[in-house]
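Notes follow the structure.
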Amino acid sequence: MYIRELNQSYQKMKWEELLSLKRQGDTFKRLRKEQDDTRLGFEVDYDRIIFSSAFRSLQDKTQVIPMSKTDFVHTRLTHSLEVSVVGRSIGRLVGKKILEKYPYLHEIHGYEMNDFGAIVAAASLAHDIGNPPFGHSGEKAIGEYFSLGNGQKFKTKLSDKEWQDLIDFEGNANGFSVLTSSRPGNEGGLRISYATLGAFMKYPKESLPKKPTSAIADKKYGFFQSDVNFFKEVASELGMIPNKTGKNVGFERHPLAYLVEAADDICYTIIDFEDGINLGLVSEDYALEYLINLVKDSIDSNKYNTLTTKEDRISYLRAIAIGSLINDAVNVFIENEEAILNGKFPYALTDKSKYKAQMDDIIKLSVKNIYKSREVIEKELTGYQIINTLLDKFITAYNNNYEGKASNFDSLVMQLLPEKFRVEKDNLYDRLLHICHFISLLTDGNAYILFNTINATKS
């Protein structure tokens with residue numbers, strides 16, 4: 001054990017491995033210098049994600065205000081697009097500096113500045129692709145069906161790690177499955193490059209041990225037990241540093257995962273706040289004070305004073321704030337690049353931001369006025385009831401059908417499963433996860449319709 005830990009302490013990730021173009025099922029080496037620059041592999045990742053049905057479903061999934069009818073509010077889809085734009089900018093700026101520091105990456109391997117931007121943009125685009133309907137309360141609702149609801153009966157039939165996957169159902173792990181899971185005729189899922197998968201993985205560990213350290217990468221988990229072997233293959237190909245012992249699986253983060261996380265942190269901090277302002281949940285006076293504190297070093301007072309509407313004033317401050325936070329994230333990353341490559345940077349980039357106090361103030365106000373607003377609470381309560389009911393009905397029907405004792409009601413419920421989900425799973429854990437996966441890919445609206453159909457009520 002001591003020898004392994006000693007060797008591990010001298011490990012360092014290498015950019016030429018971290019930028020791997022390999023895809024699931026490849027039998028040949030993909031070299032960057034042999035890529036067609038008009039159709040670069042990392043850009044193909046972006047295209048495959050944006051054309052996927054899982055991504056399209058984000059247009060009707062909650063970001064902050066569930067099922068809001070206003071024009072102001074972001075969905076998971078608009079949020080993901082914005083995160084990808086911010087991520088692309090951060091990635092390109094970092095890529096420029098990395099290539100200046102390691103010129104061999106371009107001279108020998110052919111990597112370009114835009115490659116970094118393309119990887120981070122694609123991973124950012126997909127960062128919420130595994131999130132269930134009704135926001136983060138959807139994750140909690142799935143978990144609590146097993147830990148507190150009718151799903152408790154399955155605990156003794158599963159391993160500890162399988163059980164933890166379910167009671168702490170995690171959108172990040174579900175997203176990895178969405179991107180990589182095979183089905184007949186569709187081997188390897190979307191077949192995303194390993195570099196993009198590495199950047200996507202904010203929490204490269206199993207569900208157990210739970211939060212074994214205070215490091216940001218251990219805050220949650222990033223893959224289900226059904227995906228552990230493929231994730232180990234990806235991590236090995238990328239040269240990621242293992243940080244767990246025994247039978248536990250976990251790795252230090254892919255460096256570009258820090259950039260994806262920063263892009264997400266920037267967007268939800270500033271843009272969720274903007275949504276709250278436009279909805280009247282945060283007063284303009286408060287908003288201006290908080291945002292001006294963030295951008296006071298870069299604001300053009302003359303231009304600002306010409307803006308006559310609240311929307312224009314807030315939009316101007318939001319744009320400057322995002323620009324300032326992008327540049328700051330790049331600086332923090334480059335200053336700590338050596339520690340990151342050595343797996344010795346246990347923080348989010350925004351934790352070390354010079355704007356951390358201002359961001360914390362905005363988040364604190366958002367939690368009070370937006371995330372805990374009556375509209376959010378009411379819709380989250382609705383989401384809990386919907387998800388609990390759908391899980392119970394579909395799991396019961398799916399298991400009874402497998403065991404050959406389906407009732408007529410169960411058979412009717414099975415007919416509501418899309419064709420691609422009507423497959424047999426011999427393992428109980430796989431069956432339970434399969435239904436969780438189905439529920440997680442529903443939009444808010446479709447979940448509501450299914451709930452009403454099963455309960456024989458009108459929308």
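Naming scheme: A, B, ... for chains in displayed order of the structure tokens; residues 1 onward per chain; ligands 1 onward as shown.
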Can you pull out the residues contacting Asn399 of chain A? Cut-off 12 Å, using only C-alpha atoms, and skip same-chain residues under 5 positions away; I want them as a PDB file with N, CA and C atoms, in the first residue's frame.
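Generated output (around-v6.pdb):
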```
ATOM      1  N   PHE A 154     -35.953  -2.814  -1.687  1.00  0.00           N
ATOM      2  CA  PHE A 154     -34.901  -3.383  -2.543  1.00  0.00           C
ATOM      3  C   PHE A 154     -33.519  -3.368  -1.883  1.00  0.00           C
ATOM      4  N   LEU A 391     -42.099   6.531 -10.619  1.00  0.00           N
ATOM      5  CA  LEU A 391     -41.134   5.494 -10.250  1.00  0.00           C
ATOM      6  C   LEU A 391     -41.854   4.247  -9.735  1.00  0.00           C
ATOM      7  N   ASP A 392     -42.809   4.454  -8.843  1.00  0.00           N
ATOM      8  CA  ASP A 392     -43.477   3.319  -8.224  1.00  0.00           C
ATOM      9  C   ASP A 392     -44.243   2.495  -9.261  1.00  0.00           C
ATOM     10  N   LYS A 393     -44.988   3.151 -10.122  1.00  0.00           N
ATOM     11  CA  LYS A 393     -45.793   2.430 -11.108  1.00  0.00           C
ATOM     12  C   LYS A 393     -44.926   1.714 -12.145  1.00  0.00           C
ATOM     13  N   PHE A 394     -43.904   2.397 -12.656  1.00  0.00           N
ATOM     14  CA  PHE A 394     -43.087   1.794 -13.703  1.00  0.00           C
ATOM     15  C   PHE A 394     -42.150   0.718 -13.162  1.00  0.00           C
ATOM     16  N   GLY A 404     -42.843 -12.458 -14.775  1.00  0.00           N
ATOM     17  CA  GLY A 404     -43.959 -13.193 -15.353  1.00  0.00           C
ATOM     18  C   GLY A 404     -45.237 -13.115 -14.555  1.00  0.00           C
ATOM     19  N   LYS A 405     -45.416 -12.087 -13.757  1.00  0.00           N
ATOM     20  CA  LYS A 405     -46.634 -11.960 -12.950  1.00  0.00           C
ATOM     21  C   LYS A 405     -47.271 -10.579 -13.093  1.00  0.00           C
ATOM     22  N   ALA A 406     -47.147 -10.016 -14.303  1.00  0.00           N
ATOM     23  CA  ALA A 406     -47.714  -8.699 -14.558  1.00  0.00           C
ATOM     24  C   ALA A 406     -49.240  -8.744 -14.572  1.00  0.00           C
ATOM     25  N   SER A 407     -49.845  -7.780 -13.905  1.00  0.00           N
ATOM     26  CA  SER A 407     -51.293  -7.607 -13.966  1.00  0.00           C
ATOM     27  C   SER A 407     -51.644  -6.900 -15.270  1.00  0.00           C
ATOM     28  N   ASP A 410     -50.302  -3.491 -15.032  1.00  0.00           N
ATOM     29  CA  ASP A 410     -48.861  -3.468 -15.299  1.00  0.00           C
ATOM     30  C   ASP A 410     -48.591  -3.505 -16.803  1.00  0.00           C
ATOM     31  N   SER A 411     -49.311  -4.325 -17.517  1.00  0.00           N
ATOM     32  CA  SER A 411     -49.113  -4.451 -18.964  1.00  0.00           C
ATOM     33  C   SER A 411     -49.438  -3.144 -19.675  1.00  0.00           C
ATOM     34  N   VAL A 413     -49.231  -0.157 -18.274  1.00  0.00           N
ATOM     35  CA  VAL A 413     -48.145   0.769 -17.922  1.00  0.00           C
ATOM     36  C   VAL A 413     -46.922   0.507 -18.795  1.00  0.00           C
ATOM     37  N   MET A 414     -46.600  -0.761 -19.033  1.00  0.00           N
ATOM     38  CA  MET A 414     -45.462  -1.113 -19.880  1.00  0.00           C
ATOM     39  C   MET A 414     -45.623  -0.561 -21.294  1.00  0.00           C
ATOM     40  N   ARG A 422     -38.145  -0.782 -23.701  1.00  0.00           N
ATOM     41  CA  ARG A 422     -38.789  -2.078 -23.513  1.00  0.00           C
ATOM     42  C   ARG A 422     -37.793  -3.198 -23.782  1.00  0.00           C
ATOM     43  N   VAL A 423     -36.798  -3.280 -22.939  1.00  0.00           N
ATOM     44  CA  VAL A 423     -35.779  -4.324 -23.054  1.00  0.00           C
ATOM     45  C   VAL A 423     -35.708  -5.052 -21.720  1.00  0.00           C
ATOM     46  N   GLU A 424     -35.298  -6.309 -21.761  1.00  0.00           N
ATOM     47  CA  GLU A 424     -35.203  -7.090 -20.524  1.00  0.00           C
ATOM     48  C   GLU A 424     -33.851  -6.880 -19.859  1.00  0.00           C
ATOM     49  N   LYS A 425     -33.875  -6.744 -18.564  1.00  0.00           N
ATOM     50  CA  LYS A 425     -32.667  -6.649 -17.751  1.00  0.00           C
ATOM     51  C   LYS A 425     -32.740  -7.753 -16.706  1.00  0.00           C
ATOM     52  N   ASP A 426     -31.741  -8.621 -16.690  1.00  0.00           N
ATOM     53  CA  ASP A 426     -31.781  -9.766 -15.788  1.00  0.00           C
ATOM     54  C   ASP A 426     -31.404  -9.419 -14.350  1.00  0.00           C
ATOM     55  N   ASN A 427     -30.698  -8.324 -14.174  1.00  0.00           N
ATOM     56  CA  ASN A 427     -30.203  -7.945 -12.859  1.00  0.00           C
ATOM     57  C   ASN A 427     -31.135  -6.900 -12.238  1.00  0.00           C
ATOM     58  N   LEU A 428     -31.501  -7.068 -10.965  1.00  0.00           N
ATOM     59  CA  LEU A 428     -32.429  -6.144 -10.310  1.00  0.00           C
ATOM     60  C   LEU A 428     -31.900  -4.706 -10.328  1.00  0.00           C
ATOM     61  N   TYR A 429     -30.631  -4.542  -9.974  1.00  0.00           N
ATOM     62  CA  TYR A 429     -30.042  -3.199  -9.980  1.00  0.00           C
ATOM     63  C   TYR A 429     -30.177  -2.564 -11.360  1.00  0.00           C
ATOM     64  N   ASP A 430     -29.895  -3.322 -12.416  1.00  0.00           N
ATOM     65  CA  ASP A 430     -30.007  -2.786 -13.774  1.00  0.00           C
ATOM     66  C   ASP A 430     -31.440  -2.404 -14.105  1.00  0.00           C
ATOM     67  N   ARG A 431     -32.420  -3.186 -13.608  1.00  0.00           N
ATOM     68  CA  ARG A 431     -33.816  -2.856 -13.875  1.00  0.00           C
ATOM     69  C   ARG A 431     -34.217  -1.563 -13.168  1.00  0.00           C
ATOM     70  N   LEU A 432     -33.823  -1.436 -11.913  1.00  0.00           N
ATOM     71  CA  LEU A 432     -34.161  -0.227 -11.157  1.00  0.00           C
ATOM     72  C   LEU A 432     -33.509   1.004 -11.791  1.00  0.00           C
ATOM     73  N   LEU A 433     -32.249   0.856 -12.155  1.00  0.00           N
ATOM     74  CA  LEU A 433     -31.541   1.988 -12.760  1.00  0.00           C
ATOM     75  C   LEU A 433     -32.127   2.324 -14.128  1.00  0.00           C
ATOM     76  N   HIS A 434     -32.575   1.303 -14.845  1.00  0.00           N
ATOM     77  CA  HIS A 434     -33.170   1.495 -16.167  1.00  0.00           C
ATOM     78  C   HIS A 434     -34.416   2.380 -16.085  1.00  0.00           C
ATOM     79  N   ILE A 435     -35.259   2.136 -15.094  1.00  0.00           N
ATOM     80  CA  ILE A 435     -36.460   2.951 -14.932  1.00  0.00           C
ATOM     81  C   ILE A 435     -36.092   4.356 -14.440  1.00  0.00           C
TER      82      ILE A 435
END
```
(message) I need the residues of segment 215-401 of chain A that end up classed as helix (DSSP H, G or I) by DSSP on the backbone, written out as a VMD selection string.
(response) chain A and resid 216 to 218 225 to 238 255 to 278 284 to 295 301 to 305 310 to 335 337 to 341 349 to 352 356 to 371 374 to 401
(message) Calculated over only C-alpha atoms, which of the candidates A:Leu166, A:Ile362, A:Lys296, A:Ser207 has the smallest distance to Gln152 of chain A?
(response) A:Leu166
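The residue that comes closest to Glu233 of chain A, out of A:Tyr268, A:Lys310, A:Ala118, A:Tyr194 and on the basis of only C-alpha atoms, is A:Tyr194.
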(request) Kindly indicate which residue among A:Cys267, A:Ala287, A:Leu190, A:Leu19 lies nearest to Ile50 of chain A, using only C-alpha atoms for the distances. (result)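 Residue with the minimum atom-to-atom distance to Ile50 of chain A: A:Leu190.
Closest approach to Tyr46 of chain A among A:Arg88, A:Arg318, A:Lys364, A:Lys96 is made by A:Arg88 (distances from only C-alpha atoms).
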(request) Would you please work out which residue, of A:Tyr286, A:Tyr448, A:Tyr398, A:Phe146, is nearest to Pro133 of chain A when using only C-alpha atoms? (result)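 That would be A:Tyr448, the residue with the smallest distance to Pro133 of chain A.
By chain and then residue number, the residues within 9 Å of Leu442 of chain A are Ala54, Ser57, Asp60, Lys61, Pro132, Pro133, Phe438, Ile439, Gly445, Asn446 and Ala447 of chain A, counting only C-alpha atoms and disregarding those fewer than 3 positions away in sequence.
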(message) Given only C-alpha atoms as the basis, pick out the residue of A:Phe116, A:Leu317, A:Asn452, A:Glu311 nearest to Ile299 of chain A.
(response) A:Leu317
Considering only C-alpha atoms, return as a PDB file with N, CA, C and O atoms, in the first residue's frame whatever protein or nucleic-acid residues lie within 8 Å of Gln24 of chain A, sequence-local ones (same chain, fewer than 4 positions apart) excluded.
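Saved result, out_9.pdb, follows:
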```
ATOM      1  N   THR A 180     -22.714   7.595 -22.884  1.00  0.00           N
ATOM      2  CA  THR A 180     -21.862   6.436 -23.187  1.00  0.00           C
ATOM      3  C   THR A 180     -22.577   5.093 -23.270  1.00  0.00           C
ATOM      4  O   THR A 180     -21.992   4.128 -23.780  1.00  0.00           O
ATOM      5  N   GLY A 188     -21.862   2.198 -27.784  1.00  0.00           N
ATOM      6  CA  GLY A 188     -21.057   3.325 -27.310  1.00  0.00           C
ATOM      7  C   GLY A 188     -21.821   4.612 -27.139  1.00  0.00           C
ATOM      8  O   GLY A 188     -21.218   5.672 -26.955  1.00  0.00           O
ATOM      9  N   ARG A 191     -20.789   8.134 -28.511  1.00  0.00           N
ATOM     10  CA  ARG A 191     -19.372   7.967 -28.894  1.00  0.00           C
ATOM     11  C   ARG A 191     -18.635   9.309 -28.868  1.00  0.00           C
ATOM     12  O   ARG A 191     -18.095   9.784 -29.861  1.00  0.00           O
ATOM     13  N   ILE A 192     -18.606   9.874 -27.681  1.00  0.00           N
ATOM     14  CA  ILE A 192     -17.921  11.146 -27.439  1.00  0.00           C
ATOM     15  C   ILE A 192     -16.444  10.874 -27.208  1.00  0.00           C
ATOM     16  O   ILE A 192     -16.057   9.832 -26.669  1.00  0.00           O
ATOM     17  N   SER A 193     -15.585  11.790 -27.612  1.00  0.00           N
ATOM     18  CA  SER A 193     -14.144  11.601 -27.398  1.00  0.00           C
ATOM     19  C   SER A 193     -13.843  11.509 -25.904  1.00  0.00           C
ATOM     20  O   SER A 193     -14.529  12.099 -25.074  1.00  0.00           O
ATOM     21  N   TYR A 194     -12.789  10.755 -25.584  1.00  0.00           N
ATOM     22  CA  TYR A 194     -12.433  10.570 -24.182  1.00  0.00           C
ATOM     23  C   TYR A 194     -12.041  11.892 -23.520  1.00  0.00           C
ATOM     24  O   TYR A 194     -12.281  12.099 -22.331  1.00  0.00           O
TER      25      TYR A 194
END
```
(message) Can you pull out the residues contacting segment 323-327 of chain A? Cut-off 12 Å, using only C-alpha atoms, and skip same-chain residues under 5 positions away; I want them as a PyMOL selection string.
(response) chain A and resi 83+85-94+259-267+269-270+291-299+316-318+332-334+349-356+358-359
(request) Extract, using only C-alpha atoms, all DNA, RNA and protein residues at most 9 Å from Lys14 of chain A, discarding same-chain residues fewer than 2 positions from it, and format them as a list in words. (result)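 Those residues are Lys12, Glu16, Glu17, Leu18, Leu19, Leu238, Gly239, Met240 and Leu341 of chain A.
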(request) Extract, using only C-alpha atoms, all DNA, RNA and protein residues at most 12 Å from segment 280-283 of chain A, discarding same-chain residues fewer than 4 positions from it, and format them as a PyMOL selection string. (result) chain A and resi 65+70+72-73+272-276+287-290+310-311+314+362-376
